[in-house]
>>> print(open('start-v6.txt').read())   # compact mmCIF, N, CA and C atoms
# COMPACT_ATOMS: atom_id res chain seq x y z
N MET A 918 13.81 6.57 10.94
CA MET A 918 12.93 7.36 10.09
C MET A 918 11.98 6.47 9.27
N GLU A 919 12.53 5.39 8.68
CA GLU A 919 11.69 4.50 7.88
C GLU A 919 10.60 3.86 8.75
N GLN A 920 10.95 3.47 9.96
CA GLN A 920 9.95 2.84 10.83
C GLN A 920 8.79 3.78 11.11
N LYS A 921 9.10 5.04 11.32
CA LYS A 921 8.06 6.04 11.55
C LYS A 921 7.14 6.15 10.33
N ASN A 922 7.73 6.14 9.14
CA ASN A 922 6.94 6.22 7.90
C ASN A 922 6.09 4.98 7.70
N ILE A 923 6.66 3.81 7.99
CA ILE A 923 5.93 2.55 7.85
C ILE A 923 4.71 2.56 8.77
N LEU A 924 4.90 2.91 10.02
CA LEU A 924 3.79 2.94 10.98
C LEU A 924 2.75 3.99 10.61
N ALA A 925 3.20 5.13 10.11
CA ALA A 925 2.26 6.19 9.71
C ALA A 925 1.35 5.72 8.58
N VAL A 926 1.90 4.98 7.62
CA VAL A 926 1.09 4.46 6.51
C VAL A 926 0.17 3.35 7.01
N ALA A 927 0.69 2.43 7.82
CA ALA A 927 -0.13 1.33 8.34
C ALA A 927 -1.33 1.87 9.13
N GLU A 928 -1.14 2.96 9.84
CA GLU A 928 -2.21 3.56 10.64
C GLU A 928 -3.35 4.12 9.78
N LYS A 929 -3.07 4.40 8.51
CA LYS A 929 -4.11 4.93 7.63
C LYS A 929 -5.22 3.90 7.38
N TYR A 930 -4.88 2.62 7.49
CA TYR A 930 -5.89 1.57 7.29
C TYR A 930 -7.03 1.67 8.31
N PRO A 931 -6.79 1.60 9.62
CA PRO A 931 -7.94 1.74 10.53
C PRO A 931 -8.56 3.14 10.49
N GLN A 932 -7.75 4.16 10.19
CA GLN A 932 -8.30 5.52 10.08
C GLN A 932 -9.31 5.61 8.95
N ALA A 933 -9.03 4.95 7.84
CA ALA A 933 -9.97 4.98 6.71
C ALA A 933 -11.33 4.42 7.12
N PHE A 934 -11.31 3.34 7.94
CA PHE A 934 -12.56 2.75 8.40
C PHE A 934 -13.23 3.61 9.47
N LYS A 935 -12.46 4.13 10.39
CA LYS A 935 -13.01 4.96 11.48
C LYS A 935 -13.64 6.24 10.92
N LEU A 936 -12.91 6.89 10.00
CA LEU A 936 -13.36 8.17 9.45
C LEU A 936 -14.23 8.01 8.20
N MET A 937 -14.33 6.76 7.71
CA MET A 937 -15.04 6.48 6.45
C MET A 937 -14.48 7.36 5.32
N ASP A 938 -13.16 7.45 5.27
CA ASP A 938 -12.46 8.33 4.33
C ASP A 938 -11.79 7.50 3.24
N ILE A 939 -12.46 7.38 2.12
CA ILE A 939 -11.98 6.58 1.00
C ILE A 939 -10.70 7.17 0.39
N SER A 940 -10.49 8.45 0.54
CA SER A 940 -9.27 9.06 -0.01
C SER A 940 -8.01 8.47 0.64
N LEU A 941 -8.11 8.01 1.89
CA LEU A 941 -6.97 7.36 2.55
C LEU A 941 -6.62 6.05 1.84
N ILE A 942 -7.63 5.33 1.39
CA ILE A 942 -7.40 4.10 0.65
C ILE A 942 -6.77 4.42 -0.71
N ASP A 943 -7.30 5.43 -1.38
CA ASP A 943 -6.73 5.83 -2.68
C ASP A 943 -5.27 6.23 -2.56
N THR A 944 -4.92 6.88 -1.46
CA THR A 944 -3.56 7.39 -1.28
C THR A 944 -2.59 6.36 -0.73
N TYR A 945 -3.02 5.53 0.21
CA TYR A 945 -2.09 4.69 0.95
C TYR A 945 -2.17 3.19 0.65
N PHE A 946 -3.04 2.78 -0.24
CA PHE A 946 -3.13 1.38 -0.66
C PHE A 946 -2.67 1.28 -2.11
N THR A 947 -2.08 0.14 -2.48
CA THR A 947 -1.77 -0.08 -3.89
C THR A 947 -3.08 -0.31 -4.64
N LYS A 948 -3.03 -0.16 -5.94
CA LYS A 948 -4.26 -0.30 -6.73
C LYS A 948 -4.78 -1.73 -6.74
N ASN A 949 -3.93 -2.72 -6.42
CA ASN A 949 -4.35 -4.12 -6.40
C ASN A 949 -4.37 -4.71 -5.00
N ALA A 950 -4.44 -3.87 -3.98
CA ALA A 950 -4.41 -4.34 -2.59
C ALA A 950 -5.57 -5.30 -2.31
N THR A 951 -5.33 -6.20 -1.36
CA THR A 951 -6.37 -7.15 -0.94
C THR A 951 -6.44 -7.19 0.57
N LYS A 952 -7.58 -7.66 1.05
CA LYS A 952 -7.83 -7.84 2.49
C LYS A 952 -8.44 -9.23 2.64
N THR A 953 -7.75 -10.11 3.36
CA THR A 953 -8.16 -11.50 3.49
C THR A 953 -8.21 -11.89 4.96
N GLY A 954 -9.27 -12.61 5.34
CA GLY A 954 -9.27 -13.04 6.72
C GLY A 954 -10.56 -13.68 7.18
N PHE A 955 -10.62 -13.81 8.51
CA PHE A 955 -11.71 -14.49 9.18
C PHE A 955 -12.34 -13.58 10.23
N ILE A 956 -13.66 -13.51 10.19
CA ILE A 956 -14.42 -12.78 11.20
C ILE A 956 -15.21 -13.81 12.01
N TYR A 957 -15.21 -13.62 13.32
CA TYR A 957 -15.98 -14.51 14.20
C TYR A 957 -17.38 -13.94 14.36
N ASP A 958 -18.38 -14.78 14.11
CA ASP A 958 -19.78 -14.40 14.30
C ASP A 958 -20.14 -14.69 15.76
N TYR A 959 -20.19 -13.64 16.57
CA TYR A 959 -20.43 -13.81 18.01
C TYR A 959 -21.85 -14.28 18.31
N GLU A 960 -22.81 -13.95 17.47
CA GLU A 960 -24.18 -14.40 17.70
C GLU A 960 -24.31 -15.90 17.45
N LYS A 961 -23.71 -16.40 16.37
CA LYS A 961 -23.77 -17.82 16.04
C LYS A 961 -22.67 -18.63 16.73
N GLU A 962 -21.72 -17.92 17.32
CA GLU A 962 -20.57 -18.54 17.98
C GLU A 962 -19.81 -19.47 17.04
N GLU A 963 -19.49 -18.93 15.86
CA GLU A 963 -18.72 -19.69 14.87
C GLU A 963 -17.98 -18.74 13.94
N TRP A 964 -16.95 -19.30 13.32
CA TRP A 964 -16.17 -18.52 12.37
C TRP A 964 -16.91 -18.44 11.04
N MET A 965 -16.88 -17.28 10.44
CA MET A 965 -17.42 -17.12 9.09
C MET A 965 -16.38 -17.64 8.10
N ASP A 966 -16.79 -17.86 6.87
CA ASP A 966 -15.87 -18.36 5.85
C ASP A 966 -14.77 -17.35 5.55
N LEU A 967 -13.65 -17.86 5.08
CA LEU A 967 -12.54 -17.02 4.64
C LEU A 967 -13.04 -16.05 3.59
N SER A 968 -12.67 -14.80 3.74
CA SER A 968 -13.10 -13.76 2.81
C SER A 968 -11.89 -13.02 2.26
N THR A 969 -11.88 -12.83 0.95
CA THR A 969 -10.85 -12.02 0.31
C THR A 969 -11.54 -10.98 -0.54
N VAL A 970 -11.16 -9.72 -0.34
CA VAL A 970 -11.75 -8.63 -1.12
C VAL A 970 -10.63 -7.76 -1.70
N GLY A 971 -10.96 -7.11 -2.81
CA GLY A 971 -10.04 -6.18 -3.46
C GLY A 971 -10.40 -4.74 -3.16
N ILE A 972 -9.76 -3.84 -3.83
CA ILE A 972 -9.94 -2.40 -3.59
C ILE A 972 -11.40 -1.94 -3.66
N PRO A 973 -12.20 -2.31 -4.67
CA PRO A 973 -13.58 -1.82 -4.67
C PRO A 973 -14.35 -2.22 -3.41
N GLU A 974 -14.17 -3.47 -2.98
CA GLU A 974 -14.87 -3.94 -1.79
C GLU A 974 -14.31 -3.33 -0.51
N ILE A 975 -13.00 -3.12 -0.47
CA ILE A 975 -12.38 -2.46 0.69
C ILE A 975 -12.95 -1.06 0.84
N LYS A 976 -13.06 -0.35 -0.27
CA LYS A 976 -13.61 1.01 -0.24
C LYS A 976 -15.05 1.01 0.24
N GLU A 977 -15.86 0.09 -0.27
CA GLU A 977 -17.26 0.04 0.14
C GLU A 977 -17.39 -0.32 1.61
N TRP A 978 -16.57 -1.24 2.08
CA TRP A 978 -16.56 -1.65 3.48
C TRP A 978 -16.19 -0.46 4.37
N ALA A 979 -15.14 0.25 3.97
CA ALA A 979 -14.70 1.42 4.75
C ALA A 979 -15.75 2.54 4.72
N ARG A 980 -16.41 2.69 3.59
CA ARG A 980 -17.40 3.76 3.43
C ARG A 980 -18.61 3.57 4.35
N THR A 981 -18.89 2.31 4.74
CA THR A 981 -20.11 2.05 5.51
C THR A 981 -19.86 1.48 6.91
N PHE A 982 -18.66 0.99 7.19
CA PHE A 982 -18.41 0.25 8.43
C PHE A 982 -18.75 1.04 9.69
N ASN A 983 -18.38 2.29 9.76
CA ASN A 983 -18.54 3.07 10.99
C ASN A 983 -19.66 4.11 10.88
N LYS A 984 -20.59 3.93 9.96
CA LYS A 984 -21.62 4.96 9.77
C LYS A 984 -22.51 5.14 11.00
N GLU A 985 -22.55 4.16 11.88
CA GLU A 985 -23.34 4.29 13.11
C GLU A 985 -22.45 4.52 14.32
N GLY A 986 -21.17 4.86 14.08
CA GLY A 986 -20.26 5.16 15.17
C GLY A 986 -19.91 3.96 16.02
N ILE A 987 -19.79 2.78 15.41
CA ILE A 987 -19.56 1.55 16.16
C ILE A 987 -18.11 1.33 16.56
N MET A 988 -17.18 2.07 15.94
CA MET A 988 -15.76 1.89 16.27
C MET A 988 -15.41 2.75 17.49
N PRO A 989 -14.97 2.10 18.56
CA PRO A 989 -14.63 2.87 19.77
C PRO A 989 -13.31 3.64 19.58
N ASP A 990 -13.13 4.64 20.40
CA ASP A 990 -11.89 5.43 20.39
C ASP A 990 -10.88 4.76 21.32
N THR A 991 -10.32 3.66 20.86
CA THR A 991 -9.34 2.94 21.67
C THR A 991 -7.98 3.02 21.00
N GLU A 992 -6.99 2.71 21.78
CA GLU A 992 -5.61 2.80 21.32
C GLU A 992 -5.27 1.66 20.36
N LEU A 993 -4.48 1.99 19.35
CA LEU A 993 -3.96 0.98 18.44
C LEU A 993 -2.67 0.42 19.02
N LYS A 994 -2.47 -0.86 18.83
CA LYS A 994 -1.19 -1.47 19.18
C LYS A 994 -0.56 -1.90 17.86
N MET A 995 0.53 -1.26 17.47
CA MET A 995 1.19 -1.58 16.22
C MET A 995 2.65 -1.91 16.47
N ASP A 996 3.10 -3.01 15.86
CA ASP A 996 4.49 -3.42 15.96
C ASP A 996 4.99 -3.76 14.56
N ILE A 997 6.17 -3.28 14.23
CA ILE A 997 6.81 -3.68 12.98
C ILE A 997 7.45 -5.04 13.23
N LEU A 998 7.00 -6.06 12.50
CA LEU A 998 7.55 -7.39 12.64
C LEU A 998 8.80 -7.57 11.78
N ASP A 999 8.84 -6.86 10.66
CA ASP A 999 10.00 -6.91 9.78
C ASP A 999 9.95 -5.71 8.86
N ALA A 1000 11.12 -5.16 8.58
CA ALA A 1000 11.22 -4.05 7.63
C ALA A 1000 12.51 -4.20 6.84
N GLN A 1001 12.35 -4.26 5.54
CA GLN A 1001 13.47 -4.33 4.61
C GLN A 1001 13.49 -3.05 3.79
N ASP A 1002 14.31 -3.01 2.77
CA ASP A 1002 14.39 -1.81 1.93
C ASP A 1002 13.07 -1.49 1.23
N ARG A 1003 12.36 -2.55 0.78
CA ARG A 1003 11.17 -2.31 -0.04
C ARG A 1003 9.93 -3.04 0.47
N THR A 1004 10.06 -3.81 1.56
CA THR A 1004 8.90 -4.51 2.12
C THR A 1004 8.90 -4.38 3.64
N ALA A 1005 7.70 -4.45 4.20
CA ALA A 1005 7.57 -4.39 5.66
C ALA A 1005 6.29 -5.12 6.07
N VAL A 1006 6.30 -5.62 7.32
CA VAL A 1006 5.13 -6.28 7.88
C VAL A 1006 4.85 -5.63 9.24
N VAL A 1007 3.62 -5.18 9.42
CA VAL A 1007 3.20 -4.56 10.67
C VAL A 1007 2.05 -5.38 11.25
N LYS A 1008 2.13 -5.66 12.55
CA LYS A 1008 1.01 -6.31 13.24
C LYS A 1008 0.22 -5.22 13.96
N LEU A 1009 -1.08 -5.21 13.72
CA LEU A 1009 -1.99 -4.25 14.32
C LEU A 1009 -3.00 -5.01 15.16
N GLU A 1010 -3.16 -4.61 16.41
CA GLU A 1010 -4.24 -5.13 17.25
C GLU A 1010 -5.05 -3.94 17.72
N MET A 1011 -6.36 -4.07 17.59
CA MET A 1011 -7.22 -2.96 18.01
C MET A 1011 -8.64 -3.46 18.24
N GLU A 1012 -9.40 -2.63 18.89
CA GLU A 1012 -10.81 -2.90 19.13
C GLU A 1012 -11.59 -2.30 17.95
N TRP A 1013 -12.12 -3.18 17.10
CA TRP A 1013 -12.88 -2.72 15.93
C TRP A 1013 -14.32 -2.39 16.30
N LEU A 1014 -14.86 -3.13 17.24
CA LEU A 1014 -16.20 -2.90 17.79
C LEU A 1014 -16.06 -2.94 19.30
N SER A 1015 -16.98 -2.35 20.01
CA SER A 1015 -16.89 -2.34 21.46
C SER A 1015 -16.77 -3.76 22.00
N GLY A 1016 -15.66 -4.04 22.66
CA GLY A 1016 -15.42 -5.35 23.23
C GLY A 1016 -15.00 -6.43 22.25
N LYS A 1017 -14.79 -6.07 20.99
CA LYS A 1017 -14.43 -7.04 19.95
C LYS A 1017 -13.14 -6.58 19.26
N LYS A 1018 -12.09 -7.38 19.45
CA LYS A 1018 -10.78 -7.02 18.91
C LYS A 1018 -10.46 -7.82 17.67
N GLY A 1019 -9.52 -7.26 16.92
CA GLY A 1019 -9.02 -7.93 15.73
C GLY A 1019 -7.51 -7.84 15.68
N SER A 1020 -6.91 -8.80 15.00
CA SER A 1020 -5.47 -8.82 14.76
C SER A 1020 -5.26 -8.78 13.25
N ASP A 1021 -4.54 -7.79 12.79
CA ASP A 1021 -4.32 -7.60 11.36
C ASP A 1021 -2.83 -7.56 11.09
N TYR A 1022 -2.42 -8.27 10.03
CA TYR A 1022 -1.04 -8.20 9.55
C TYR A 1022 -1.08 -7.38 8.27
N ILE A 1023 -0.37 -6.27 8.28
CA ILE A 1023 -0.38 -5.34 7.16
C ILE A 1023 0.96 -5.47 6.43
N LEU A 1024 0.89 -5.88 5.17
CA LEU A 1024 2.08 -6.03 4.35
C LEU A 1024 2.20 -4.79 3.47
N LEU A 1025 3.34 -4.14 3.57
CA LEU A 1025 3.56 -2.90 2.83
C LEU A 1025 4.69 -3.07 1.83
N VAL A 1026 4.63 -2.30 0.76
CA VAL A 1026 5.69 -2.27 -0.23
C VAL A 1026 6.10 -0.81 -0.45
N LYS A 1027 7.36 -0.65 -0.78
CA LYS A 1027 7.86 0.70 -1.05
C LYS A 1027 8.15 0.80 -2.54
N ASN A 1028 7.45 1.69 -3.19
CA ASN A 1028 7.62 1.90 -4.61
C ASN A 1028 7.72 3.40 -4.86
N GLU A 1029 8.69 3.80 -5.64
CA GLU A 1029 8.91 5.22 -5.93
C GLU A 1029 9.01 6.05 -4.65
N ASN A 1030 9.74 5.50 -3.66
CA ASN A 1030 10.00 6.15 -2.36
C ASN A 1030 8.78 6.37 -1.48
N HIS A 1031 7.68 5.64 -1.75
CA HIS A 1031 6.47 5.78 -0.93
C HIS A 1031 6.02 4.41 -0.45
N TRP A 1032 5.75 4.30 0.84
CA TRP A 1032 5.19 3.07 1.39
C TRP A 1032 3.71 3.01 1.11
N LYS A 1033 3.24 1.81 0.71
CA LYS A 1033 1.81 1.60 0.46
C LYS A 1033 1.41 0.23 0.99
N ILE A 1034 0.15 0.12 1.35
CA ILE A 1034 -0.40 -1.14 1.83
C ILE A 1034 -0.74 -2.02 0.64
N GLU A 1035 -0.18 -3.22 0.64
CA GLU A 1035 -0.41 -4.19 -0.44
C GLU A 1035 -1.41 -5.27 -0.04
N THR A 1036 -1.28 -5.77 1.17
CA THR A 1036 -2.13 -6.89 1.61
C THR A 1036 -2.41 -6.75 3.10
N ILE A 1037 -3.62 -7.10 3.49
CA ILE A 1037 -3.99 -7.17 4.89
C ILE A 1037 -4.53 -8.58 5.13
N ILE A 1038 -3.99 -9.24 6.16
CA ILE A 1038 -4.49 -10.54 6.58
C ILE A 1038 -4.97 -10.35 8.03
N TYR A 1039 -6.22 -10.75 8.29
CA TYR A 1039 -6.82 -10.42 9.59
C TYR A 1039 -7.63 -11.57 10.16
N GLN A 1040 -7.91 -11.45 11.46
CA GLN A 1040 -8.89 -12.32 12.09
C GLN A 1040 -9.37 -11.67 13.38
N SER A 1041 -10.57 -12.06 13.80
CA SER A 1041 -11.08 -11.64 15.09
C SER A 1041 -10.23 -12.28 16.17
N ILE A 1042 -10.11 -11.61 17.31
CA ILE A 1042 -9.42 -12.18 18.48
C ILE A 1042 -10.50 -12.59 19.47
N LEU A 1043 -10.48 -13.85 19.84
CA LEU A 1043 -11.49 -14.35 20.79
C LEU A 1043 -11.01 -14.19 22.21
>>> encode(input="start-v6.txt", output="structure tokens")
Amino acid sequence: MEQKNILAVAEKYPQAFKLMDISLIDTYFTKNATKTGFIYDYEKEEWMDLSTVGIPEIKEWARTFNKEGIMPDTELKMDILDAQDRTAVVKLEMEWLSGKKGSDYILLVKNENHWKIETIIYQSIL
């Protein structure tokens, strides 16, 4: 049962970006959540600098990322790497842009009987 709940919450992260639904971030992320990682610039053929953003930036990114319908309708691959009583780690692999995949590690915490996303660590998959 817990694994189902963990995966259901982790799935809200890409849904927020796909649907541009900020309410998913308000509901399923902690108030101090962060997203840290590396994006590969395919035009320049180089990695961009490490980026860390907090909730305001995550919301703005989600609000605008898919406004032109750039996220394909592809299957998510999610695996629980570890789950304890109050913490869990989920690995997510998906196509964020057509032909461009990403690998995200979603760290969740359970507080007041609810799982929430605390940290996301990501990178493009070459």
>>> residues_around(input="start-v6.txt", residues="A:Ile956", least_positions_apart="6", cutoff="7 Å", atoms="all atoms listed in the file", output="ChimeraX atom specification")
/A:963-968,1039-1041
>>> residues_around(input="start-v6.txt", residues="stretch 997-1004 of chain A", least_positions_apart="4", cutoff="6 Å", atoms="only C-alpha atoms", output="list in words")
Leu1025, Val1026 and Lys1027 of chain A
>>> atom_distance(input="start-v6.txt", atom1="atom CA of A:Lys1008", atom2="atom C of A:Ile923")
10.6 Å
>>> select_by_dssp(input="start-v6.txt", residues="stretch 929-1043 of chain A", states="strand (DSSP E)", output="PyMOL selection string")
chain A and resi 946-955+957-958+963-964+968-971+994-1000+1004-1014+1017-1028+1031-1042
>>> closest_residue(input="start-v6.txt", among="A:Val926, A:Met918, A:Asp996, A:Thr947", to="A:Thr1036", atoms="only N, CA and C atoms")
A:Thr947
>>> closest_residue(input="start-v6.txt", among="A:Ala979, A:Ala950, A:Leu1009, A:Leu1024", to="A:Ala933", atoms="only N, CA and C atoms")
A:Ala979
>>> atom_distance(input="start-v6.txt", atom1="atom CA of A:Ile975", atom2="atom CA of A:Ile942")
8.2 Å
>>> select_by_dssp(input="start-v6.txt", residues="stretch 924-1038 of chain A", states="alpha helix (DSSP H)", output="ChimeraX atom specification")
/A:924-927,929-936,939-945,972-982
>>> write_last_selection(input="start-v6.txt", atoms="N, CA and C atoms", output="short mmCIF file (atom, residue, chain, number, x, y, z; two decimals), in the frame of the given file")
data_model
loop_
_atom_site.label_atom_id
_atom_site.label_comp_id
_atom_site.auth_asym_id
_atom_site.auth_seq_id
_atom_site.Cartn_x
_atom_site.Cartn_y
_atom_site.Cartn_z
N LEU A 924 4.90 2.91 10.02
CA LEU A 924 3.79 2.94 10.98
C LEU A 924 2.75 3.99 10.61
N ALA A 925 3.20 5.13 10.11
CA ALA A 925 2.26 6.19 9.71
C ALA A 925 1.35 5.72 8.58
N VAL A 926 1.90 4.98 7.62
CA VAL A 926 1.09 4.46 6.51
C VAL A 926 0.17 3.35 7.01
N ALA A 927 0.69 2.43 7.82
CA ALA A 927 -0.13 1.33 8.34
C ALA A 927 -1.33 1.87 9.13
N LYS A 929 -3.07 4.40 8.51
CA LYS A 929 -4.11 4.93 7.63
C LYS A 929 -5.22 3.90 7.38
N TYR A 930 -4.88 2.62 7.49
CA TYR A 930 -5.89 1.57 7.29
C TYR A 930 -7.03 1.67 8.31
N PRO A 931 -6.79 1.60 9.62
CA PRO A 931 -7.94 1.74 10.53
C PRO A 931 -8.56 3.14 10.49
N GLN A 932 -7.75 4.16 10.19
CA GLN A 932 -8.30 5.52 10.08
C GLN A 932 -9.31 5.61 8.95
N ALA A 933 -9.03 4.95 7.84
CA ALA A 933 -9.97 4.98 6.71
C ALA A 933 -11.33 4.42 7.12
N PHE A 934 -11.31 3.34 7.94
CA PHE A 934 -12.56 2.75 8.40
C PHE A 934 -13.23 3.61 9.47
N LYS A 935 -12.46 4.13 10.39
CA LYS A 935 -13.01 4.96 11.48
C LYS A 935 -13.64 6.24 10.92
N LEU A 936 -12.91 6.89 10.00
CA LEU A 936 -13.36 8.17 9.45
C LEU A 936 -14.23 8.01 8.20
N ILE A 939 -12.46 7.38 2.12
CA ILE A 939 -11.98 6.58 1.00
C ILE A 939 -10.70 7.17 0.39
N SER A 940 -10.49 8.45 0.54
CA SER A 940 -9.27 9.06 -0.01
C SER A 940 -8.01 8.47 0.64
N LEU A 941 -8.11 8.01 1.89
CA LEU A 941 -6.97 7.36 2.55
C LEU A 941 -6.62 6.05 1.84
N ILE A 942 -7.63 5.33 1.39
CA ILE A 942 -7.40 4.10 0.65
C ILE A 942 -6.77 4.42 -0.71
N ASP A 943 -7.30 5.43 -1.38
CA ASP A 943 -6.73 5.83 -2.68
C ASP A 943 -5.27 6.23 -2.56
N THR A 944 -4.92 6.88 -1.46
CA THR A 944 -3.56 7.39 -1.28
C THR A 944 -2.59 6.36 -0.73
N TYR A 945 -3.02 5.53 0.21
CA TYR A 945 -2.09 4.69 0.95
C TYR A 945 -2.17 3.19 0.65
N ILE A 972 -9.76 -3.84 -3.83
CA ILE A 972 -9.94 -2.40 -3.59
C ILE A 972 -11.40 -1.94 -3.66
N PRO A 973 -12.20 -2.31 -4.67
CA PRO A 973 -13.58 -1.82 -4.67
C PRO A 973 -14.35 -2.22 -3.41
N GLU A 974 -14.17 -3.47 -2.98
CA GLU A 974 -14.87 -3.94 -1.79
C GLU A 974 -14.31 -3.33 -0.51
N ILE A 975 -13.00 -3.12 -0.47
CA ILE A 975 -12.38 -2.46 0.69
C ILE A 975 -12.95 -1.06 0.84
N LYS A 976 -13.06 -0.35 -0.27
CA LYS A 976 -13.61 1.01 -0.24
C LYS A 976 -15.05 1.01 0.24
N GLU A 977 -15.86 0.09 -0.27
CA GLU A 977 -17.26 0.04 0.14
C GLU A 977 -17.39 -0.32 1.61
N TRP A 978 -16.57 -1.24 2.08
CA TRP A 978 -16.56 -1.65 3.48
C TRP A 978 -16.19 -0.46 4.37
N ALA A 979 -15.14 0.25 3.97
CA ALA A 979 -14.70 1.42 4.75
C ALA A 979 -15.75 2.54 4.72
N ARG A 980 -16.41 2.69 3.59
CA ARG A 980 -17.40 3.76 3.43
C ARG A 980 -18.61 3.57 4.35
N THR A 981 -18.89 2.31 4.74
CA THR A 981 -20.11 2.05 5.51
C THR A 981 -19.86 1.48 6.91
N PHE A 982 -18.66 0.99 7.19
CA PHE A 982 -18.41 0.25 8.43
C PHE A 982 -18.75 1.04 9.69
#
>>> closest_residue(input="start-v6.txt", among="A:Glu919, A:Glu1012, A:Asp938, A:Glu928", to="A:Trp978", atoms="only C-alpha atoms")
A:Asp938
>>> atom_distance(input="start-v6.txt", atom1="atom N of A:Glu1035", atom2="atom C of A:Asp958")
27.5 Å
>>> closest_residue(input="start-v6.txt", among="A:Thr944, A:Asn1028, A:Lys935, A:Glu974", to="A:Gly986", atoms="all atoms listed in the file")
A:Lys935
